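Inspection log for the structure reproduced underneath, given as structure tokens.
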Amino acid sequence: MNKILKSYAGILASAACLSAFAATTSMAAETYAGTFFDENGAYYGPDCEKDGSQLNGAYYTGNYTSPFKTYLGKTDEEIQAKMDKMWKHYFKGDQNSQVFFDKGSEGYIKDINNNDVRSEGMSYGMMIAVQTNHKEEFDKLWNWAKNHMWHKSGDWDGYFAWKRNDSGYEGDDNCAPDGEMYFMMSLLFAANRWNDDQYRKDALYIMDKMWNNPNHKLFNQGNYIIVFQPLGNGNDFSDPSYDLPAYLELFSRWAEKDTDKWTRAVSAARDHLYKSSNTSSGLFADYSAFNGQPQSYSYNSNSTKYMYDAMRCAMNFGMDYYLFGADSTREIEMATRIINFFEKDGYKHARFNWDGTGADESYTQGEAGANAVAAIALRSTSGSEEKIKKNLQLAWDTELMTGQYRYYDGLVHYLAMLHLSGNFKIWKPKPTVESEEKTITETEINGVTYSDGDKVDYFEGCKLYKATVKPAANAIGRMTPRSLEYKTIRNYDLKGCKVNDANKANHGAYYGKKVLVK
């Protein structure tokens, strides 16, 4: 286990640190040490705002310690084994478990129940592949999406057909915006993790068209909320599970144009999620008006209920909480409501009316994962530890899905497990390292003790260094301490006060003190 993980495990265990996760006020840049690069040199470490301030999210701290460790006591080995099992099951498994199908230079994620390929699943698969460092599978998925889904001209230029058959044809040329959001984010992460600028260029092309395609706009041009579908009356309402403020934060930082619009979309997404959370149950409707109220729609009789799409909202605000922390007060409020609701339900049911009535169907694997991510936001709330543990345990114990319905709930649970295991990281553009030879004298940083000669990544004053630990005693001339020798000097009493020969008797039998021989 590397030392930064030990460090943050200790920090997160303390009440003082847990309360800090609730803070929304910017703070002066902190100092962090540990390992902030993967084995290939990709960076996921600390960062600052342009004014030098930071919040408490992982974007700023580089802290991705798994709550499975801090709350359930799972080891790194146990967590990695769990994640390896998921990859083998869904990507390399048999015909009853796999959702990824390898077709040589291409590959696709299949919705088994509906017997088709969806932009949602393809983009989810790409996110899973980049976060688990499976470049070959990532490229196969991206090749399939580019060749069979991505519009590079015409009416839908920049968008993706939301559905194709598994031969890559037919289906529906219109888009489903959650796919666009995950495609853009996974491509940017891939560009940074694997140092391949073509991924970035592809992502920037899509990002440009989301605002500048003359026929279709992914976001409402008046309020900057993502629309249900940029076509016809689909422009007039939203799906709150498409609100991904953490992704929008990164788009606003990494876009080459329209940065003001991306920035407005960040606030709009956070506001819309909050308004869409029922003030009593904490549940979300599948479709929401821009004011957050459930939105009915002719072809979906369940659009005003907490159904299949809506369960993702808990993961969306949960990841925004731990990755950035900019809206933590409201996200703690949302988490409290929805976790308390499922506590009362006993985690038994999956579908509800928006107000929590009309319980139906059994609690699902996807909900277990998504709600556990939301529960992270309760870290700073007193009396919530058992609720957090319960949700984490439910996510951990969830059986991997097989059979007809494994695609959707299986992948939502998989995405949630990336967050909960510490495998989901913000892979950033290559940073400037100020010095490769910095010496630091601290032997304890963030609660971890370092030894003479330890090599660490060191973040101080919003600058990054490669540093070597040289304790203070060794930093000055590499002095070698000698053996210490003491002698007794008389004429001092027990309290160390000097006395003379005339009054020694008045100060008792003991007199004298030990001093170091020079």
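By convention here, the chains of the structure tokens are called A, B, ... in the order presented, each chain's residues are numbered starting at 1, and ligands are numbered starting at 1 in the order presented.
Contact shell of Glu331 in chain A at 10 Å (only C-alpha atoms; same-chain neighbours under 3 positions omitted): Ala22, Arg270, Leu273, Tyr274, Ala314, Phe317, Gly318, Met319, Asp320, Tyr321, Gly325, Ala326, Asp327, Ser328, Met334, Ala335, Thr336, Arg337, Ala374, Ala377 and Leu378 of chain A.
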| field | Who sits within 9 Å of Asp243 in chain A, only C-alpha atoms, same chain under 4 positions skipped, as a PyMOL selection string | value | chain A and resi 178+225-226+238-239+248+266+268-270+272-273+313+316-317
| Residues within 10 Å of Gln221 in chain A, only C-alpha atoms, excluding chain neighbours under 4 positions, as a list in words | Trp211, Lys217, Ile225, Ile226, Val227, Asn235 and Lys261 of chain A
| task | From the DSSP assignment of the backbone, select every residue of range 290-364 of chain A that is alpha helix (DSSP H), and format the answer as a PyMOL selection string. | result | chain A and resi 312-323+328-345
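A straight line drawn from CA of Ala368 in chain A to CA of Ala81 in chain A is 19.5 Å long.
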Where does range 268-375 of chain A meet range 386-396 of chain A within 10 Å, residue by residue, with the nearest atom pair and distance in Å to one decimal for each, counting only C-alpha atoms, listed by chain and rising number, as a tab-separated table?
residue	atom	partner	partner_atom	distance
A:Thr336	CA	A:Lys387	CA	9.9
A:Ile339	CA	A:Lys387	CA	7.7
A:Asn340	CA	A:Lys387	CA	8.5
A:Phe342	CA	A:Asn391	CA	9.9
A:Glu343	CA	A:Lys387	CA	7.9
A:Tyr347	CA	A:Leu394	CA	9.3
A:Gln365	CA	A:Ala395	CA	7.4
A:Gly366	CA	A:Ala395	CA	8.7
A:Glu367	CA	A:Ala395	CA	8.6
A:Ala368	CA	A:Ala395	CA	5.0
A:Gly369	CA	A:Ala395	CA	4.9
A:Ala370	CA	A:Ala395	CA	8.5
A:Asn371	CA	A:Asn391	CA	6.9
A:Ala372	CA	A:Asn391	CA	4.9
A:Val373	CA	A:Leu392	CA	8.2
A:Ala374	CA	A:Ile388	CA	9.2
A:Ala375	CA	A:Ile388	CA	5.5
| said: Give me, as a count of residues only, all polymer residues having an atom no more than 12 Å from Glu136 in chain A, counting only C-alpha atoms and skipping those fewer than 6 positions away in the same chain. | reply: 13
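Each of A:Gly41, A:Ser288, A:Phe352, A:Phe100 was checked against Phe237 in chain A using only C-alpha atoms; the smallest atom-to-atom distance is that of A:Ser288.
The nearest approach to Tyr60 in chain A among the residues A:Asp47, A:Phe219, A:Tyr450, A:Met184, with only C-alpha atoms taken into account, belongs to A:Asp47.
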| field | Near-Asp172 in chain A list (7 Å; only C-alpha atoms; drop same-chain fewer than 3 positions) as a list in words | value | Ala161, Trp162, Lys163 and Arg164 of chain A
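Using only C-alpha atoms, the smallest distance between any of A:Glu256, A:Lys470, A:Tyr414, A:Asp236 and Lys201 in chain A comes from A:Glu256.
CA of Ser296 in chain A is positioned 19.3 Å from CA of Ser281 in chain A.
Using only C-alpha atoms, the protein and nucleic acid residues lying no more than 8 Å from Ala203 in chain A, apart from those fewer than 6 places from it along its own chain, are Phe183, Met184, Met185, Leu187 and Leu188 of chain A.
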